[in-house]
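This is run.pdb (PDB, C-alpha atoms).
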```pdb
ATOM      1  CA  MET A   1       8.344  35.125   7.493
ATOM      2  CA  ARG A   2       6.529  34.921   4.149
ATOM      3  CA  VAL A   3       9.345  32.842   2.699
ATOM      4  CA  LEU A   4       9.123  30.387   5.590
ATOM      5  CA  ALA A   5       5.334  30.150   5.257
ATOM      6  CA  GLY A   6       5.692  29.598   1.509
ATOM      7  CA  LEU A   7       8.276  26.864   2.107
ATOM      8  CA  VAL A   8       6.029  25.134   4.642
ATOM      9  CA  LEU A   9       3.077  25.260   2.230
ATOM     10  CA  MET A  10       5.216  23.804  -0.561
ATOM     11  CA  LEU A  11       6.385  20.957   1.703
ATOM     12  CA  LEU A  12       2.817  20.211   2.819
ATOM     13  CA  PHE A  13       1.656  20.169  -0.791
ATOM     14  CA  ALA A  14       4.520  17.850  -1.788
ATOM     15  CA  GLY A  15       3.640  15.624   1.181
ATOM     16  CA  LEU A  16       0.254  14.938  -0.406
ATOM     17  CA  PHE A  17       2.038  12.922  -3.069
ATOM     18  CA  VAL A  18       4.261  10.814  -0.789
ATOM     19  CA  ARG A  19       2.990   7.268  -0.303
ATOM     20  CA  SER A  20       4.475   4.107   1.178
ATOM     21  CA  TYR A  21       3.955   0.576  -0.045
ATOM     22  CA  THR A  22       5.023  -2.492   1.936
ATOM     23  CA  LEU A  23       5.668  -5.905   0.448
ATOM     24  CA  PRO A  24       6.107  -8.784   2.931
ATOM     25  CA  PRO A  25       9.207 -10.964   2.736
ATOM     26  CA  ALA A  26       8.735 -14.517   1.499
ATOM     27  CA  PRO A  27      10.966 -17.302   0.198
ATOM     28  CA  ASP A  28      10.378 -16.179  -3.396
ATOM     29  CA  ARG A  29      10.734 -12.399  -2.886
ATOM     30  CA  ARG A  30      12.525  -9.812  -0.821
ATOM     31  CA  GLY A  31      10.147  -7.747   1.236
ATOM     32  CA  GLY A  32      10.461  -4.094   2.035
ATOM     33  CA  THR A  33       8.792  -0.733   2.271
ATOM     34  CA  THR A  34       9.069   1.697  -0.600
ATOM     35  CA  ILE A  35       8.404   5.373  -0.094
ATOM     36  CA  ALA A  36       7.424   6.882  -3.423
ATOM     37  CA  LEU A  37       5.764   9.790  -5.146
ATOM     38  CA  ALA A  38       2.280   8.869  -6.315
ATOM     39  CA  TRP A  39      -1.025  10.548  -7.047
ATOM     40  CA  PRO A  40      -3.087  11.139  -3.897
ATOM     41  CA  ASP A  41      -5.669   8.584  -5.070
ATOM     42  CA  ARG A  42      -3.572   5.805  -3.490
ATOM     43  CA  ALA A  43      -3.656   4.968   0.220
ATOM     44  CA  LEU A  44      -1.023   6.639   2.388
ATOM     45  CA  PHE A  45       0.044   3.207   3.649
ATOM     46  CA  GLY A  46      -0.405   0.612   0.937
ATOM     47  CA  SER A  47       0.225  -3.094   0.556
ATOM     48  CA  PRO A  48      -1.036  -5.903  -1.650
ATOM     49  CA  ARG A  49      -3.230  -7.137   1.203
ATOM     50  CA  GLY A  50      -4.685  -3.691   1.759
ATOM     51  CA  ASP A  51      -5.462  -3.300  -1.944
ATOM     52  CA  CYS A  52      -7.100  -6.719  -2.295
ATOM     53  CA  VAL A  53      -9.148  -6.979   0.922
ATOM     54  CA  GLY A  54     -12.146  -5.309  -0.698
ATOM     55  CA  GLY A  55     -12.179  -7.393  -3.865
ATOM     56  CA  PRO A  56     -15.029  -9.690  -4.890
ATOM     57  CA  GLU A  57     -15.088 -13.049  -3.103
ATOM     58  CA  ASP A  58     -15.008 -15.050  -6.339
ATOM     59  CA  GLU A  59     -11.978 -13.163  -7.728
ATOM     60  CA  ALA A  60      -8.668 -15.038  -7.802
ATOM     61  CA  VAL A  61      -6.744 -13.362  -4.996
ATOM     62  CA  ILE A  62      -3.267 -14.120  -6.368
ATOM     63  CA  ALA A  63      -3.998 -12.105  -9.520
ATOM     64  CA  CYS A  64      -5.036  -9.121  -7.392
ATOM     65  CA  LEU A  65      -1.905  -9.377  -5.231
ATOM     66  CA  ILE A  66       0.462  -9.517  -8.206
ATOM     67  CA  GLY A  67      -1.475  -6.787 -10.012
ATOM     68  CA  SER A  68      -1.314  -4.531  -6.955
ATOM     69  CA  VAL A  69       2.480  -4.731  -6.828
ATOM     70  CA  SER A  70       2.761  -4.215 -10.600
ATOM     71  CA  ARG A  71       0.490  -1.158 -10.547
ATOM     72  CA  PHE A  72       2.439   0.416  -7.716
ATOM     73  CA  ARG A  73       5.739  -0.079  -9.514
ATOM     74  CA  ALA A  74       4.338   1.271 -12.789
ATOM     75  CA  GLU A  75       2.461   4.288 -11.398
ATOM     76  CA  THR A  76       4.932   5.681  -8.870
ATOM     77  CA  MET A  77       8.409   7.137  -8.669
ATOM     78  CA  PRO A  78      10.374   5.469  -5.833
ATOM     79  CA  LEU A  79      12.226   7.760  -3.437
ATOM     80  CA  VAL A  80      13.554   5.397  -0.757
ATOM     81  CA  GLN A  81      13.631   1.607  -0.272
ATOM     82  CA  LEU A  82      13.527   0.569   3.403
ATOM     83  CA  PRO A  83      13.420  -2.785   5.222
ATOM     84  CA  PHE A  84      10.040  -4.435   5.791
ATOM     85  CA  CYS A  85       7.777  -2.393   8.105
ATOM     86  CA  GLY A  86       5.263  -4.658   9.823
ATOM     87  CA  THR A  87       3.443  -1.688  11.338
ATOM     88  CA  CYS A  88       2.929  -0.111   7.899
ATOM     89  CA  TYR A  89       1.747  -3.449   6.534
ATOM     90  CA  GLY A  90      -0.779  -3.906   9.339
ATOM     91  CA  LEU A  91      -1.930  -0.296   9.080
ATOM     92  CA  SER A  92      -2.637  -0.663   5.363
ATOM     93  CA  GLN A  93      -4.761  -3.738   6.049
ATOM     94  CA  THR A  94      -6.625  -1.992   8.877
ATOM     95  CA  LEU A  95      -7.376   1.078   6.746
ATOM     96  CA  ALA A  96      -8.556  -1.086   3.851
ATOM     97  CA  SER A  97     -10.927  -3.081   6.069
ATOM     98  CA  LEU A  98     -12.620  -0.071   7.696
ATOM     99  CA  GLY A  99     -16.330  -0.078   6.972
ATOM    100  CA  ARG A 100     -16.273  -3.530   5.361
ATOM    101  CA  ASP A 101     -17.981  -6.733   6.430
ATOM    102  CA  GLU A 102     -15.660  -8.444   8.930
ATOM    103  CA  LYS A 103     -16.513 -11.964   7.674
ATOM    104  CA  ALA A 104     -15.709 -11.034   4.074
ATOM    105  CA  VAL A 105     -12.433  -9.409   5.137
ATOM    106  CA  GLN A 106     -11.397 -12.470   7.153
ATOM    107  CA  ALA A 107     -12.281 -14.769   4.238
ATOM    108  CA  LYS A 108     -10.091 -12.686   1.882
ATOM    109  CA  LEU A 109      -7.238 -12.651   4.385
ATOM    110  CA  ALA A 110      -7.466 -16.440   4.713
ATOM    111  CA  GLN A 111      -7.229 -16.761   0.908
ATOM    112  CA  MET A 112      -4.177 -14.490   0.858
ATOM    113  CA  ALA A 113      -2.519 -16.410   3.693
ATOM    114  CA  ARG A 114      -2.607 -19.577   1.585
ATOM    115  CA  PHE A 115      -0.319 -17.856  -0.911
ATOM    116  CA  GLY A 116       2.068 -16.530   1.756
ATOM    117  CA  TRP A 117       0.807 -12.943   1.660
TER
END
```
Structure re-expressed in structure tokens:
Amino acid sequence: MRVLAGLVLMLLFAGLFVRSYTLPPAPDRRGGTTIALAWPDRALFGSPRGDCVGGPEDEAVIACLIGSVSRFRAETMPLVQLPFCGTCYGLSQTLASLGRDEKAVQAKLAQMARFGW
């Protein structure tokens, strides 16, 4: 019984470091969802849109989007690459916009949509 409890605790602890990141498909890139090991300071469901929704209004959104993908690839260890998950992508955006001004979020999303994100 102690061994089973220890195994469950180890799995729960390891689960703290599992994160997913979803990149939408576009003509210039292949989309997909990557499940990776990352520090728990990242969102459980991440995406470029989710990372950049809260940025300053005057910031160039394309730089944030590209930087978000680059940071994820540099800071994590991929475990599994899956097809694009629209639910994960939407969830990351929803979590990132919680508690933020709705007008500012919609303005950022409109900027991102112009670049196909």
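What separates atom CA of Ala110 of chain A from atom CA of Ser20 of chain A is a distance of 24.0 Å.
Minimum atom-to-atom distances from A:Leu44, A:Val3, A:Leu79, A:Met112 to Ala96 of chain A were compared using only C-alpha atoms, and the lowest value belongs to A:Leu44.
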Report task. List the residues selected by the PyMOL selection byres ((chain A and resi 115) around 10) in the file shown, writing them as number ranges by chain. Result -> A: 26, 61-62, 65, 110-114, 116-117
Keeping only C-alpha atoms, write the selected residues to a file as a compact mmCIF listing (two decimals), keeping the file's coordinate frame.
```txt
# COMPACT_ATOMS: atom_id res chain seq x y z
CA ALA A 26 8.74 -14.52 1.50
CA VAL A 61 -6.74 -13.36 -5.00
CA ILE A 62 -3.27 -14.12 -6.37
CA LEU A 65 -1.90 -9.38 -5.23
CA ALA A 110 -7.47 -16.44 4.71
CA GLN A 111 -7.23 -16.76 0.91
CA MET A 112 -4.18 -14.49 0.86
CA ALA A 113 -2.52 -16.41 3.69
CA ARG A 114 -2.61 -19.58 1.58
CA GLY A 116 2.07 -16.53 1.76
CA TRP A 117 0.81 -12.94 1.66
```
Query raised in the report: Using all atoms listed in the file, which residues sit within 10 Å of Met77 of chain A once same-chain residues fewer than 5 positions away are excluded, as a PyMOL selection string?
Result: chain A and resi 18-19+34-38+72
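Take atom CA of Leu95 of chain A and atom CA of Leu11 of chain A: the distance between them is 24.7 Å.
Here the question is which of A:Leu109, A:Leu4, A:Cys88, A:Leu16 gets nearest to Arg49 of chain A using only C-alpha atoms, and that residue is A:Leu109.
Going from atom CA of Arg42 of chain A over to atom CA of Arg30 of chain A, you cover 22.6 Å.
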Evaluated on this file, the PyMOL selection byres ((chain A and resi 52) around 8) picks out some residues - which ones are they, written as an mmCIF file with C-alpha atoms, keeping the file's coordinate frame?
```
data_model
loop_
_atom_site.group_PDB
_atom_site.id
_atom_site.type_symbol
_atom_site.label_atom_id
_atom_site.label_comp_id
_atom_site.auth_asym_id
_atom_site.auth_seq_id
_atom_site.Cartn_x
_atom_site.Cartn_y
_atom_site.Cartn_z
ATOM 1 C CA PRO A 48 -1.036 -5.903 -1.650
ATOM 2 C CA ARG A 49 -3.230 -7.137 1.203
ATOM 3 C CA GLY A 50 -4.685 -3.691 1.759
ATOM 4 C CA ASP A 51 -5.462 -3.300 -1.944
ATOM 5 C CA VAL A 53 -9.148 -6.979 0.922
ATOM 6 C CA GLY A 54 -12.146 -5.309 -0.698
ATOM 7 C CA GLY A 55 -12.179 -7.393 -3.865
ATOM 8 C CA VAL A 61 -6.744 -13.362 -4.996
ATOM 9 C CA CYS A 64 -5.036 -9.121 -7.392
ATOM 10 C CA LEU A 65 -1.905 -9.377 -5.231
ATOM 11 C CA SER A 68 -1.314 -4.531 -6.955
ATOM 12 C CA LYS A 108 -10.091 -12.686 1.882
#
```
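Comparing A:Gln81, A:Ser70, A:Thr87, A:Ser47 by their smallest distance to Thr22 of chain A, the closest is A:Ser47 (using all atoms listed in the file).
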